[in-house]
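Next up, structure31.tsv (TSV, C-alpha atoms):
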```
chain	number	residue	atom	x	y	z
K	950	MET	CA	38.93	-17.75	-49.38
K	951	ALA	CA	36.95	-20.86	-48.42
K	952	THR	CA	38.92	-21.07	-45.22
K	953	ARG	CA	38.05	-17.48	-44.33
K	954	VAL	CA	34.36	-18.12	-44.99
K	955	THR	CA	34.47	-21.23	-42.85
K	956	ILE	CA	36.16	-19.36	-39.98
K	957	LEU	CA	33.63	-16.51	-40.24
K	958	PHE	CA	30.75	-18.99	-40.23
K	959	LEU	CA	32.14	-20.73	-37.17
K	960	PHE	CA	32.60	-17.38	-35.38
K	961	VAL	CA	29.02	-16.30	-36.09
K	962	TRP	CA	27.69	-19.72	-35.11
K	963	CYS	CA	29.63	-19.65	-31.83
K	964	PHE	CA	28.37	-16.12	-31.11
K	965	PHE	CA	24.73	-17.13	-31.55
K	966	GLU	CA	25.21	-20.28	-29.50
K	967	LEU	CA	26.78	-18.22	-26.71
K	968	HIS	CA	23.99	-15.62	-26.91
K	969	ILE	CA	21.29	-18.29	-26.84
K	970	GLY	CA	23.04	-19.99	-23.94
K	971	ILE	CA	23.18	-16.74	-21.94
K	972	GLU	CA	19.52	-16.01	-22.63
K	973	ALA	CA	18.61	-19.56	-21.64
K	974	GLN	CA	20.55	-19.12	-18.41
K	975	LYS	CA	18.70	-15.86	-17.74
K	976	LEU	CA	15.37	-17.50	-18.44
K	977	SER	CA	16.31	-20.45	-16.29
K	978	LYS	CA	17.37	-18.16	-13.43
K	979	ASP	CA	14.17	-16.14	-13.69
K	980	ASP	CA	12.12	-19.33	-13.63
K	981	LEU	CA	14.04	-20.58	-10.61
K	982	ASP	CA	13.60	-17.26	-8.79
K	983	LEU	CA	9.87	-17.28	-9.55
K	984	GLU	CA	9.55	-20.88	-8.40
K	985	GLN	CA	11.40	-20.09	-5.17
K	986	GLU	CA	9.22	-17.06	-4.42
K	987	PHE	CA	6.13	-19.10	-5.26
K	988	LYS	CA	7.10	-21.71	-2.69
K	989	LEU	CA	7.92	-19.09	-0.07
K	990	LEU	CA	4.57	-17.36	-0.45
K	991	ASN	CA	2.47	-20.52	-0.33
K	992	LYS	CA	3.01	-21.83	3.16
K	993	PRO	CA	1.16	-24.88	4.52
K	994	ALA	CA	-2.28	-23.91	5.78
K	995	VAL	CA	-3.72	-24.93	9.13
K	996	THR	CA	-7.14	-24.58	7.50
K	997	THR	CA	-8.82	-22.62	4.71
K	998	ILE	CA	-11.75	-20.26	5.24
K	999	GLU	CA	-14.03	-18.30	2.94
K	1000	THR	CA	-15.37	-14.75	2.90
K	1001	ILE	CA	-18.91	-13.66	2.13
K	1002	TYR	CA	-17.49	-12.59	-1.25
K	1003	ARG	CA	-16.49	-16.22	-1.97
K	1004	GLU	CA	-12.77	-15.54	-1.68
K	1005	LYS	CA	-10.67	-18.21	0.03
K	1006	TYR	CA	-7.89	-17.51	2.51
K	1007	ASP	CA	-5.37	-19.92	3.97
K	1008	CYS	CA	-4.93	-19.68	7.73
K	1009	VAL	CA	-1.14	-19.85	8.03
K	1010	ASP	CA	0.79	-20.34	11.25
K	1011	PHE	CA	1.94	-16.95	12.54
K	1012	TYR	CA	5.61	-17.96	12.37
K	1013	LYS	CA	5.34	-19.18	8.76
K	1014	GLN	CA	3.96	-15.99	7.22
K	1015	PRO	CA	5.95	-14.34	4.37
K	1016	ALA	CA	7.29	-11.54	6.61
K	1017	PHE	CA	9.83	-13.86	8.19
K	1018	ASP	CA	11.44	-14.67	4.84
K	1019	HIS	CA	13.02	-11.22	4.97
K	1020	PRO	CA	16.79	-11.62	5.53
K	1021	ALA	CA	16.73	-9.11	8.41
K	1022	LEU	CA	14.13	-11.15	10.32
K	1023	LYS	CA	15.74	-14.58	10.31
K	1024	ASN	CA	16.53	-14.46	14.04
K	1025	HIS	CA	13.46	-12.56	15.20
K	1026	ASN	CA	11.81	-12.95	18.59
K	1027	PHE	CA	8.32	-11.83	17.52
K	1028	HIS	CA	5.18	-13.67	18.62
K	1029	HIS	CA	1.48	-13.62	17.83
K	1030	HIS	CA	0.57	-11.83	21.08
K	1031	MET	CA	2.75	-8.83	20.21
K	1032	ARG	CA	1.23	-5.42	20.84
K	1033	PRO	CA	2.64	-1.90	20.80
K	1034	THR	CA	4.30	-0.91	24.05
K	1035	SER	CA	2.68	2.53	23.84
K	1036	TYR	CA	0.04	4.45	21.91
K	1037	PRO	CA	0.08	7.99	20.58
K	1038	LYS	CA	-1.47	10.53	22.91
K	1039	ASN	CA	-4.50	12.62	22.05
K	1040	TRP	CA	-6.32	9.79	20.31
K	1041	ARG	CA	-9.45	11.89	20.74
K	1042	THR	CA	-8.23	13.86	17.74
K	1043	PHE	CA	-9.59	10.87	15.85
K	1044	GLU	CA	-12.94	10.58	17.65
K	1045	ASN	CA	-16.48	11.71	16.79
K	1046	SER	CA	-16.29	11.03	13.08
K	1047	SER	CA	-19.24	12.27	11.02
K	1048	THR	CA	-18.85	9.42	8.53
K	1049	ILE	CA	-20.03	5.84	8.90
K	1050	SER	CA	-17.52	3.22	9.98
K	1051	ARG	CA	-17.61	-0.08	8.16
K	1052	SER	CA	-18.12	-2.92	10.64
K	1053	LYS	CA	-19.58	-5.60	8.37
K	1054	ASN	CA	-18.14	-9.05	9.14
K	1055	MET	CA	-16.53	-10.45	6.01
K	1056	TRP	CA	-16.18	-14.10	7.08
K	1057	ILE	CA	-18.74	-16.82	6.46
K	1058	ASN	CA	-17.77	-18.38	9.79
K	1059	GLY	CA	-18.25	-14.99	11.46
K	1060	LYS	CA	-14.79	-14.85	13.06
K	1061	GLY	CA	-11.90	-15.45	10.66
K	1062	CYS	CA	-8.89	-17.70	11.17
K	1063	PRO	CA	-8.09	-19.68	14.34
K	1064	ALA	CA	-5.88	-18.17	17.03
K	1065	ASN	CA	-2.12	-18.13	16.31
K	1066	THR	CA	-2.70	-18.02	12.54
K	1067	VAL	CA	-3.07	-15.21	9.98
K	1068	PRO	CA	-5.22	-15.03	6.81
K	1069	ILE	CA	-3.23	-15.09	3.57
K	1070	LYS	CA	-4.77	-15.58	0.15
K	1071	LYS	CA	-3.28	-18.54	-1.72
K	1072	THR	CA	-1.05	-17.27	-4.54
K	1073	THR	CA	-0.81	-18.80	-8.03
K	1074	LYS	CA	2.18	-18.21	-10.30
K	1075	GLU	CA	0.01	-15.87	-12.36
K	1076	ASP	CA	-0.86	-13.97	-9.18
K	1077	LEU	CA	2.83	-13.66	-8.32
K	1078	ILE	CA	3.71	-12.35	-11.78
K	1079	ASN	CA	0.84	-9.86	-11.59
K	1080	ALA	CA	1.89	-8.80	-8.08
K	1081	LYS	CA	5.45	-8.14	-9.27
K	1082	LEU	CA	4.12	-6.06	-12.17
K	1083	ALA	CA	1.71	-4.16	-9.91
K	1084	SER	CA	4.50	-3.44	-7.38
K	1085	GLU	CA	6.76	-2.17	-10.14
K	1086	ILE	CA	4.01	0.09	-11.45
K	1087	TYR	CA	3.06	1.34	-7.99
K	1088	GLY	CA	6.71	1.95	-7.18
K	1089	LYS	CA	6.85	4.78	-9.71
K	1090	GLN	CA	7.33	7.48	-7.08
K	1091	TYR	CA	7.85	11.20	-7.45
K	1092	GLU	CA	9.16	14.30	-5.75
K	1093	PRO	CA	6.63	17.15	-5.51
K	1094	LEU	CA	7.11	19.98	-7.98
K	1095	THR	CA	9.43	17.90	-10.18
K	1096	GLN	CA	8.81	15.70	-13.19
K	1097	GLN	CA	6.81	12.66	-12.17
K	1098	GLU	CA	7.04	9.20	-13.69
K	1099	HIS	CA	5.12	8.73	-16.91
K	1100	GLY	CA	1.50	7.78	-16.30
K	1101	THR	CA	1.53	8.37	-12.52
K	1102	HIS	CA	-0.57	11.28	-11.27
K	1103	TYR	CA	-1.26	12.82	-7.87
K	1104	ALA	CA	-3.62	15.10	-5.97
K	1105	VAL	CA	-2.17	15.20	-2.47
K	1106	LEU	CA	-1.38	17.20	0.64
K	1107	HIS	CA	2.19	16.75	1.86
K	1108	THR	CA	4.46	18.06	4.60
K	1109	ASN	CA	6.88	20.71	3.43
K	1110	TYR	CA	10.50	19.93	2.71
K	1111	GLY	CA	13.30	21.75	4.47
K	1112	THR	CA	11.45	22.53	7.70
K	1113	GLY	CA	13.62	20.25	9.82
K	1114	LYS	CA	10.52	18.63	11.31
K	1115	VAL	CA	10.42	14.89	11.86
K	1116	PHE	CA	7.45	12.63	12.46
K	1117	ILE	CA	6.66	9.41	14.29
K	1118	GLY	CA	3.62	8.72	12.13
K	1119	GLY	CA	0.66	9.93	10.14
K	1120	GLY	CA	-3.04	9.17	9.83
K	1121	MET	CA	-6.41	10.11	8.39
K	1122	ASP	CA	-10.02	9.15	7.85
K	1123	THR	CA	-10.50	8.57	4.12
K	1124	THR	CA	-13.88	8.20	2.45
K	1125	VAL	CA	-14.11	4.98	0.43
K	1126	TYR	CA	-15.32	5.27	-3.16
K	1127	ASN	CA	-15.13	3.07	-6.24
K	1128	PRO	CA	-13.90	5.42	-9.00
K	1129	LEU	CA	-14.84	3.26	-12.00
K	1130	PRO	CA	-13.85	2.57	-14.68
K	1131	VAL	CA	-10.37	1.33	-13.72
K	1132	THR	CA	-9.14	-1.31	-16.17
K	1133	GLY	CA	-6.08	-3.19	-17.40
K	1134	ALA	CA	-2.82	-1.98	-15.84
K	1135	GLN	CA	-4.48	1.10	-14.32
K	1136	TYR	CA	-5.04	1.75	-10.63
K	1137	SER	CA	-6.70	4.44	-8.52
K	1138	SER	CA	-5.91	4.82	-4.82
K	1139	SER	CA	-6.19	6.88	-1.67
K	1140	GLN	CA	-3.36	6.54	0.82
K	1141	VAL	CA	-1.38	7.96	3.70
K	1142	LYS	CA	2.37	7.67	3.30
K	1143	VAL	CA	5.29	8.13	5.69
K	1144	ALA	CA	8.84	8.24	4.35
K	1145	ASN	CA	12.47	9.01	5.07
K	1146	GLY	CA	14.71	9.08	2.04
K	1147	PRO	CA	14.25	5.91	-0.03
K	1148	ASP	CA	12.29	4.12	2.71
K	1149	SER	CA	8.52	4.48	2.69
K	1150	ILE	CA	5.35	2.74	3.84
K	1151	GLU	CA	1.80	3.40	2.72
K	1152	VAL	CA	-1.68	2.21	3.55
K	1153	GLY	CA	-5.03	2.99	2.00
K	1154	TRP	CA	-7.68	1.73	-0.39
K	1155	THR	CA	-7.21	0.94	-4.05
K	1156	VAL	CA	-8.84	-0.35	-7.21
K	1157	ASN	CA	-6.10	-2.33	-8.97
K	1158	PRO	CA	-7.12	-4.92	-11.60
K	1159	THR	CA	-3.52	-6.00	-12.19
K	1160	LEU	CA	-3.06	-6.97	-8.57
K	1161	TYR	CA	-6.52	-8.33	-7.77
K	1162	LYS	CA	-7.98	-9.34	-11.17
K	1163	ASP	CA	-11.14	-7.36	-10.41
K	1164	ASP	CA	-12.33	-3.76	-10.00
K	1165	ARG	CA	-13.43	-3.90	-6.37
K	1166	VAL	CA	-12.17	-1.54	-3.69
K	1167	ARG	CA	-9.65	-3.16	-1.37
K	1168	LEU	CA	-7.37	-2.38	1.52
K	1169	PHE	CA	-3.68	-2.34	0.64
K	1170	ILE	CA	-0.24	-1.66	2.06
K	1171	TYR	CA	2.95	-0.79	0.19
K	1172	THR	CA	6.44	-1.41	1.54
K	1173	ASN	CA	9.54	0.18	-0.01
K	1174	THR	CA	12.98	-0.66	1.41
K	1175	ALA	CA	16.42	-1.47	0.05
K	1176	ALA	CA	15.71	-5.21	0.25
K	1177	ALA	CA	11.97	-5.33	-0.48
K	1178	ARG	CA	9.46	-3.41	-2.54
K	1179	CYS	CA	6.00	-4.83	-2.81
K	1180	LEU	CA	2.28	-4.47	-2.32
K	1181	ASN	CA	0.56	-6.31	0.53
K	1182	LEU	CA	2.34	-9.49	1.68
K	1183	HIS	CA	4.13	-10.42	-1.55
K	1184	CYS	CA	7.54	-9.91	0.04
K	1185	GLY	CA	9.04	-10.19	3.49
K	1186	GLY	CA	8.58	-7.24	5.82
K	1187	PHE	CA	5.11	-6.58	7.19
K	1188	VAL	CA	4.20	-8.82	10.14
K	1189	LEU	CA	0.45	-9.55	10.26
K	1190	THR	CA	-0.79	-10.11	13.81
K	1191	ARG	CA	-4.57	-10.40	13.37
K	1192	PRO	CA	-6.30	-13.69	12.54
K	1193	ASP	CA	-9.36	-11.90	11.15
K	1194	ILE	CA	-8.09	-8.95	9.07
K	1195	PRO	CA	-6.49	-9.75	5.70
K	1196	ILE	CA	-4.40	-6.96	4.22
K	1197	ASP	CA	-6.07	-7.25	0.79
K	1198	GLN	CA	-9.69	-7.46	1.99
K	1199	ILE	CA	-12.62	-6.11	-0.02
K	1200	LEU	CA	-14.00	-2.87	1.44
K	1201	ASN	CA	-17.77	-2.85	1.28
K	1202	PRO	CA	-20.03	-0.90	1.33
K	1203	VAL	CA	-18.60	2.11	-0.48
K	1204	SER	CA	-19.72	5.73	-0.55
K	1205	GLU	CA	-22.31	7.03	-2.98
K	1206	SER	CA	-22.60	10.69	-3.93
K	1207	GLY	CA	-25.77	12.00	-2.36
K	1208	GLY	CA	-26.08	8.87	-0.22
K	1209	ASP	CA	-24.30	7.40	2.78
K	1210	ILE	CA	-20.61	8.17	3.11
K	1211	TYR	CA	-18.34	5.41	4.39
K	1212	ALA	CA	-14.81	5.95	5.61
K	1213	ILE	CA	-11.89	3.96	6.91
K	1214	ARG	CA	-9.61	5.23	9.68
K	1215	LEU	CA	-5.89	4.60	9.21
K	1216	LEU	CA	-2.90	5.37	11.41
K	1217	ILE	CA	0.76	4.46	10.94
K	1218	TYR	CA	3.04	5.22	13.86
K	1219	ARG	CA	6.36	4.12	15.30
K	1220	ASP	CA	6.20	2.45	18.69
K	1221	SER	CA	8.18	3.85	21.63
K	1222	PRO	CA	11.96	3.34	21.73
K	1223	ASN	CA	11.38	0.10	23.65
K	1224	GLY	CA	9.76	-1.41	20.55
K	1225	GLY	CA	10.61	0.83	17.64
K	1226	HIS	CA	8.41	-0.87	15.04
K	1227	TRP	CA	5.96	0.92	12.72
K	1228	TRP	CA	2.43	-0.22	13.60
K	1229	LEU	CA	-0.70	-0.10	11.47
K	1230	LEU	CA	-3.93	0.69	13.34
K	1231	ILE	CA	-7.32	0.62	11.63
K	1232	GLY	CA	-10.74	1.87	12.75
K	1233	GLN	CA	-12.06	3.84	15.69
K	1234	GLU	CA	-11.24	0.91	17.97
K	1235	ARG	CA	-7.50	1.23	17.20
K	1236	THR	CA	-7.40	-2.31	15.86
K	1237	LYS	CA	-3.76	-3.38	15.69
K	1238	VAL	CA	-3.35	-5.14	12.33
K	1239	GLY	CA	0.42	-5.64	12.30
K	1240	PHE	CA	3.75	-3.87	12.02
K	1241	TRP	CA	6.78	-3.13	9.88
K	1242	PRO	CA	9.87	-4.13	11.96
K	1243	ASN	CA	12.47	-1.37	12.12
K	1244	HIS	CA	15.10	-4.00	11.18
K	1245	ILE	CA	14.00	-3.87	7.53
K	1246	PHE	CA	14.73	-0.16	7.05
K	1247	THR	CA	17.89	1.85	6.49
K	1248	ARG	CA	16.48	5.38	6.93
K	1249	LEU	CA	13.03	4.85	8.44
K	1250	THR	CA	14.48	3.24	11.55
K	1251	LYS	CA	13.54	6.06	13.95
K	1252	VAL	CA	11.65	8.91	12.32
K	1253	ALA	CA	9.94	9.97	9.11
K	1254	THR	CA	10.81	13.24	7.40
K	1255	TYR	CA	7.81	13.30	5.06
K	1256	VAL	CA	4.09	12.49	5.30
K	1257	GLU	CA	1.53	12.57	2.48
K	1258	TRP	CA	-2.25	12.17	2.15
K	1259	GLY	CA	-4.55	12.00	-0.88
K	1260	GLY	CA	-5.08	10.34	-4.23
K	1261	LYS	CA	-2.88	8.65	-6.79
K	1262	THR	CA	-3.59	7.08	-10.19
K	1263	TYR	CA	-1.67	5.33	-12.92
K	1264	SER	CA	-2.37	4.51	-16.55
K	1265	PRO	CA	-0.03	3.19	-19.27
K	1266	PRO	CA	1.21	5.68	-21.88
K	1267	ASP	CA	-1.42	6.75	-24.42
K	1268	VAL	CA	-4.25	5.22	-22.38
K	1269	PRO	CA	-6.63	7.81	-20.82
K	1270	SER	CA	-6.06	8.02	-17.07
K	1271	PRO	CA	-8.69	6.59	-14.68
K	1272	PRO	CA	-10.95	8.55	-12.31
K	1273	MET	CA	-9.67	9.45	-8.85
K	1274	GLY	CA	-11.55	9.66	-5.54
K	1275	ALA	CA	-15.28	10.02	-6.21
K	1276	GLY	CA	-14.52	10.17	-9.93
K	1277	ARG	CA	-15.61	13.77	-10.55
K	1278	GLY	CA	-14.24	17.29	-10.54
K	1279	VAL	CA	-13.72	18.66	-7.05
K	1280	HIS	CA	-16.17	21.28	-5.74
K	1281	ALA	CA	-15.17	20.92	-2.06
K	1282	GLN	CA	-18.58	19.54	-1.11
K	1283	ARG	CA	-19.09	16.82	1.48
K	1284	GLY	CA	-21.42	14.12	0.22
K	1285	ARG	CA	-20.23	14.75	-3.31
K	1286	ASP	CA	-16.42	14.70	-3.28
K	1287	ALA	CA	-13.92	12.26	-1.84
K	1288	TYR	CA	-12.03	13.63	1.13
K	1289	CYS	CA	-9.46	12.88	3.79
K	1290	SER	CA	-10.41	14.21	7.20
K	1291	ARG	CA	-8.49	14.23	10.49
K	1292	VAL	CA	-5.33	14.62	8.46
K	1293	ALA	CA	-2.74	14.28	11.20
K	1294	THR	CA	0.87	13.58	12.06
K	1295	VAL	CA	2.40	12.04	15.18
K	1296	ASN	CA	5.12	14.27	16.61
K	1297	GLU	CA	8.28	13.32	18.51
K	1298	SER	CA	6.41	13.56	21.81
K	1299	TYR	CA	3.97	10.91	20.55
K	1300	TRP	CA	1.07	13.33	20.26
K	1301	ILE	CA	-1.39	13.08	17.36
K	1302	VAL	CA	-1.63	16.63	16.02
K	1303	LYS	CA	-3.28	18.33	13.08
K	1304	ALA	CA	-0.96	18.41	10.07
K	1305	THR	CA	0.71	21.82	9.71
K	1306	GLU	CA	3.38	23.32	7.43
K	1307	THR	CA	1.89	21.50	4.47
K	1308	SER	CA	1.35	22.13	0.76
K	1309	THR	CA	-0.95	20.72	-1.91
K	1310	TYR	CA	0.32	19.18	-5.13
K	1311	ALA	CA	-1.63	18.17	-8.24
K	1312	ASP	CA	0.57	17.49	-11.25
K	1313	ILE	CA	-2.25	17.88	-13.83
K	1314	PRO	CA	-4.78	20.17	-12.10
K	1315	ASP	CA	-7.10	20.29	-15.11
K	1316	PHE	CA	-7.77	16.59	-14.57
K	1317	TYR	CA	-7.12	15.94	-10.86
K	1318	GLN	CA	-7.62	18.46	-8.07
K	1319	VAL	CA	-6.90	18.78	-4.36
K	1320	VAL	CA	-8.38	21.47	-2.09
K	1321	ASP	CA	-7.01	22.07	1.40
K	1322	GLU	CA	-9.78	23.31	3.71
K	1323	GLY	CA	-7.53	23.46	6.77
K	1324	PHE	CA	-9.21	22.94	10.13
K	1325	TYR	CA	-12.89	22.16	9.46
K	1326	GLY	CA	-14.26	21.79	12.98
K	1327	HIS	CA	-14.00	18.99	15.53
K	1328	SER	CA	-15.98	16.54	13.41
K	1329	PHE	CA	-13.48	16.70	10.54
K	1330	GLY	CA	-10.23	18.18	11.83
K	1331	HIS	CA	-7.82	19.07	9.03
K	1332	LEU	CA	-9.77	18.32	5.84
K	1333	ILE	CA	-8.79	17.98	2.19
K	1334	PHE	CA	-10.96	17.22	-0.84
K	1335	TYR	CA	-9.39	15.44	-3.81
K	1336	GLY	CA	-10.37	13.64	-7.02
K	1337	GLY	CA	-11.03	14.08	-10.70
K	1338	TYR	CA	-12.57	12.58	-13.83
K	1339	GLY	CA	-9.21	11.53	-15.27
K	1340	MET	CA	-9.16	10.92	-19.04
K	1341	TYR	CA	-5.73	12.52	-19.39
K	1342	THR	CA	-3.49	11.09	-22.12
K	1343	GLY	CA	0.21	11.88	-21.93
K	1344	ILE	CA	3.07	11.63	-19.47
```
Would you write out, as structure tokens, the structure that this file holds?
Amino acid sequence: MATRVTILFLFVWCFFELHIGIEAQKLSKDDLDLEQEFKLLNKPAVTTIETIYREKYDCVDFYKQPAFDHPALKNHNFHHHMRPTSYPKNWRTFENSSTISRSKNMWINGKGCPANTVPIKKTTKEDLINAKLASEIYGKQYEPLTQQEHGTHYAVLHTNYGTGKVFIGGGMDTTVYNPLPVTGAQYSSSQVKVANGPDSIEVGWTVNPTLYKDDRVRLFIYTNTAAARCLNLHCGGFVLTRPDIPIDQILNPVSESGGDIYAIRLLIYRDSPNGGHWWLLIGQERTKVGFWPNHIFTRLTKVATYVEWGGKTYSPPDVPSPPMGAGRGVHAQRGRDAYCSRVATVNESYWIVKATETSTYADIPDFYQVVDEGFYGHSFGHLIFYGGYGMYTGI
């Protein structure tokens, strides 16, 4: 009997030792992975500069930016003078905006980083952990008219499925609001998205305390591929080409209901077959911020099959959802509601055209709404209003 007890004790002891050893190995591997990513993201700075908001950015050599850590870009031939080889036609579709462009210089030195460098905010380990969490939360995607991920809610216009149409890009003017309160793990965003199957890229503005540790409105990009899924520059993929435009910059001023309305112009499009990369252009001046190389995609290598515009929020289970857009119920009134104007796609002939064959989708319409006004005159083009008070608790 004593022998059996001894054997049983030894078996249980060995099991726990093995379990603890496996968990320790997991922890050790996670720590090593985090340490490696931390080193990759924090490249040596040529210099450090400061914004008028007292945020510091490292000016990193163009060739040392995080994009080139992507396995598909190890043998790249990119350079800091890269520009698109062509531009979409009919850019005038995006002219004569009735909203106010934001042209305020954000740098204390008035110009940004030196030539041949790009501005990247220095990342702490806490920042990296928060960025991973924020990317995981933001990655909770959906398919219209089906069950969405818990806590993620939408009020969007999207191109219809099953039409056979393909796209070379999408764009919009989106009014910039700060839909407070947005706290904890919540976020509230406005974005344009282009996708093909599992590959997608997005750009817009967001309030995301998990990612930024504040509740200010900021520019953001989201990259979703087989090898990388992240917000901003926290993984390899997006190649920043401007020395003066950080991807996570604060957007200020913001719109006020009954006051001035401020908007940001965004366009994602794939360069001609000679280049083939997906470029991000911002503002009426077609400022070329950077590009997603087609090497990083499996399905979004040539065309998109889906484009989307509008608002998106997230809140953890059992926590009331945050406001969206202007943070109020939608009455389809300019000066009161958030909107996306000049809602457009880029067709296979590289023409910017008004979005057609589209549908609206709001998963909880009592809390978030979207109204498609269609063509609203030359000053607005295809116009949608979106937003909501939030305060929904549930899935």
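Take the candidates K:Phe1329, K:Phe1240, K:Tyr1161, K:Tyr1335 and check each one against Val1131 (chain K) using all atoms listed in the file; the shortest distance goes to K:Tyr1161.
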Next on the checklist: Using only C-alpha atoms - which residues lie no farther than 12 Å from the point (0.9, -6.8, 6.5) in the file's frame? Write them as a PyMOL selection string.
Outcome noted: chain K and resi 1011+1014-1017+1067-1069+1150-1152+1168-1172+1179-1192+1194-1198+1227-1230+1237-1242
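Checking K:Gln1135, K:Asn1079, K:Gly1336, K:Gly1260 one by one against Asp1315 (chain K), counting all atoms listed in the file, you find the shortest gap at K:Gly1336.
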Next on the checklist: Could you list, as number ranges by chain, every residue within 10 Å of Gly1100 (chain K), counting only C-alpha atoms and ignoring same-chain residues fewer than 3 positions away?
Outcome noted: K: 1086, 1089, 1097, 1135, 1262-1270, 1341-1344
Next on the checklist: Using all atoms listed in the file, which protein or nucleic acid residues come within 10 Å of Glu1306 (chain K)? Drop anything in the same chain fewer than 3 positions from it, and give the result as a VMD selection string.
Outcome noted: chain K and resid 1107 to 1110 1112 1114
Next on the checklist: Distance cut-off 12 Å, centre (1.7, 20.6, 0.1) in file coordinates, counting all atoms listed in the file: which residues qualify? Return them as an MDAnalysis selection string.
Outcome noted: chainID K and resid 1092:1094 1103:1110 1255:1259 1304:1312 1319:1321 1323 1333
Taking only residues of region 1109-1169 of chain K that have an atom at most 8 Å from an atom of region 1204-1224 of chain K, what is each one's shortest atom pair and its distance in Å to one decimal, using only C-alpha atoms, in chain and number order, as JSON lines?
```
{"residue": "K:Ile1117", "atom": "CA", "partner": "K:Arg1219", "partner_atom": "CA", "distance": 5.4}
{"residue": "K:Gly1118", "atom": "CA", "partner": "K:Tyr1218", "partner_atom": "CA", "distance": 3.9}
{"residue": "K:Gly1119", "atom": "CA", "partner": "K:Ile1217", "partner_atom": "CA", "distance": 5.5}
{"residue": "K:Gly1120", "atom": "CA", "partner": "K:Leu1216", "partner_atom": "CA", "distance": 4.1}
{"residue": "K:Met1121", "atom": "CA", "partner": "K:Leu1215", "partner_atom": "CA", "distance": 5.6}
{"residue": "K:Asp1122", "atom": "CA", "partner": "K:Arg1214", "partner_atom": "CA", "distance": 4.3}
{"residue": "K:Thr1123", "atom": "CA", "partner": "K:Ala1212", "partner_atom": "CA", "distance": 5.3}
{"residue": "K:Thr1124", "atom": "CA", "partner": "K:Ala1212", "partner_atom": "CA", "distance": 4.0}
{"residue": "K:Val1125", "atom": "CA", "partner": "K:Ala1212", "partner_atom": "CA", "distance": 5.3}
{"residue": "K:Tyr1126", "atom": "CA", "partner": "K:Ser1204", "partner_atom": "CA", "distance": 5.1}
{"residue": "K:Asn1127", "atom": "CA", "partner": "K:Ser1204", "partner_atom": "CA", "distance": 7.8}
{"residue": "K:Val1141", "atom": "CA", "partner": "K:Leu1215", "partner_atom": "CA", "distance": 7.9}
{"residue": "K:Val1143", "atom": "CA", "partner": "K:Ile1217", "partner_atom": "CA", "distance": 7.8}
{"residue": "K:Val1152", "atom": "CA", "partner": "K:Leu1215", "partner_atom": "CA", "distance": 7.4}
{"residue": "K:Gly1153", "atom": "CA", "partner": "K:Leu1215", "partner_atom": "CA", "distance": 7.4}
```
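Computed from the coordinates, the CA of Ser1149 (chain K) to CA of Lys1303 (chain K) distance equals 21.0 Å.
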Checklist entry - Rounded to one decimal in Å, what is the spacing between CA of Leu1200 (chain K) and CA of Glu1004 (chain K)? => result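 Here the two named atoms are 13.1 Å from each other.
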Checklist entry - Which of these residues is nearest to Cys1289 (chain K), using only C-alpha atoms: K:Asn1026, K:Thr1073, K:Gln1140, K:Asn1039? => result K:Gln1140
Centre, x/y/z edge lengths, axis-aligned box for region 1010-1026 of chain K with 3 Å per side, as AutoDock Vina command-line options:
```
--center_x 8.8 --center_y -14.7 --center_z 11.5 --size_x 22.0 --size_y 17.2 --size_z 20.2
```
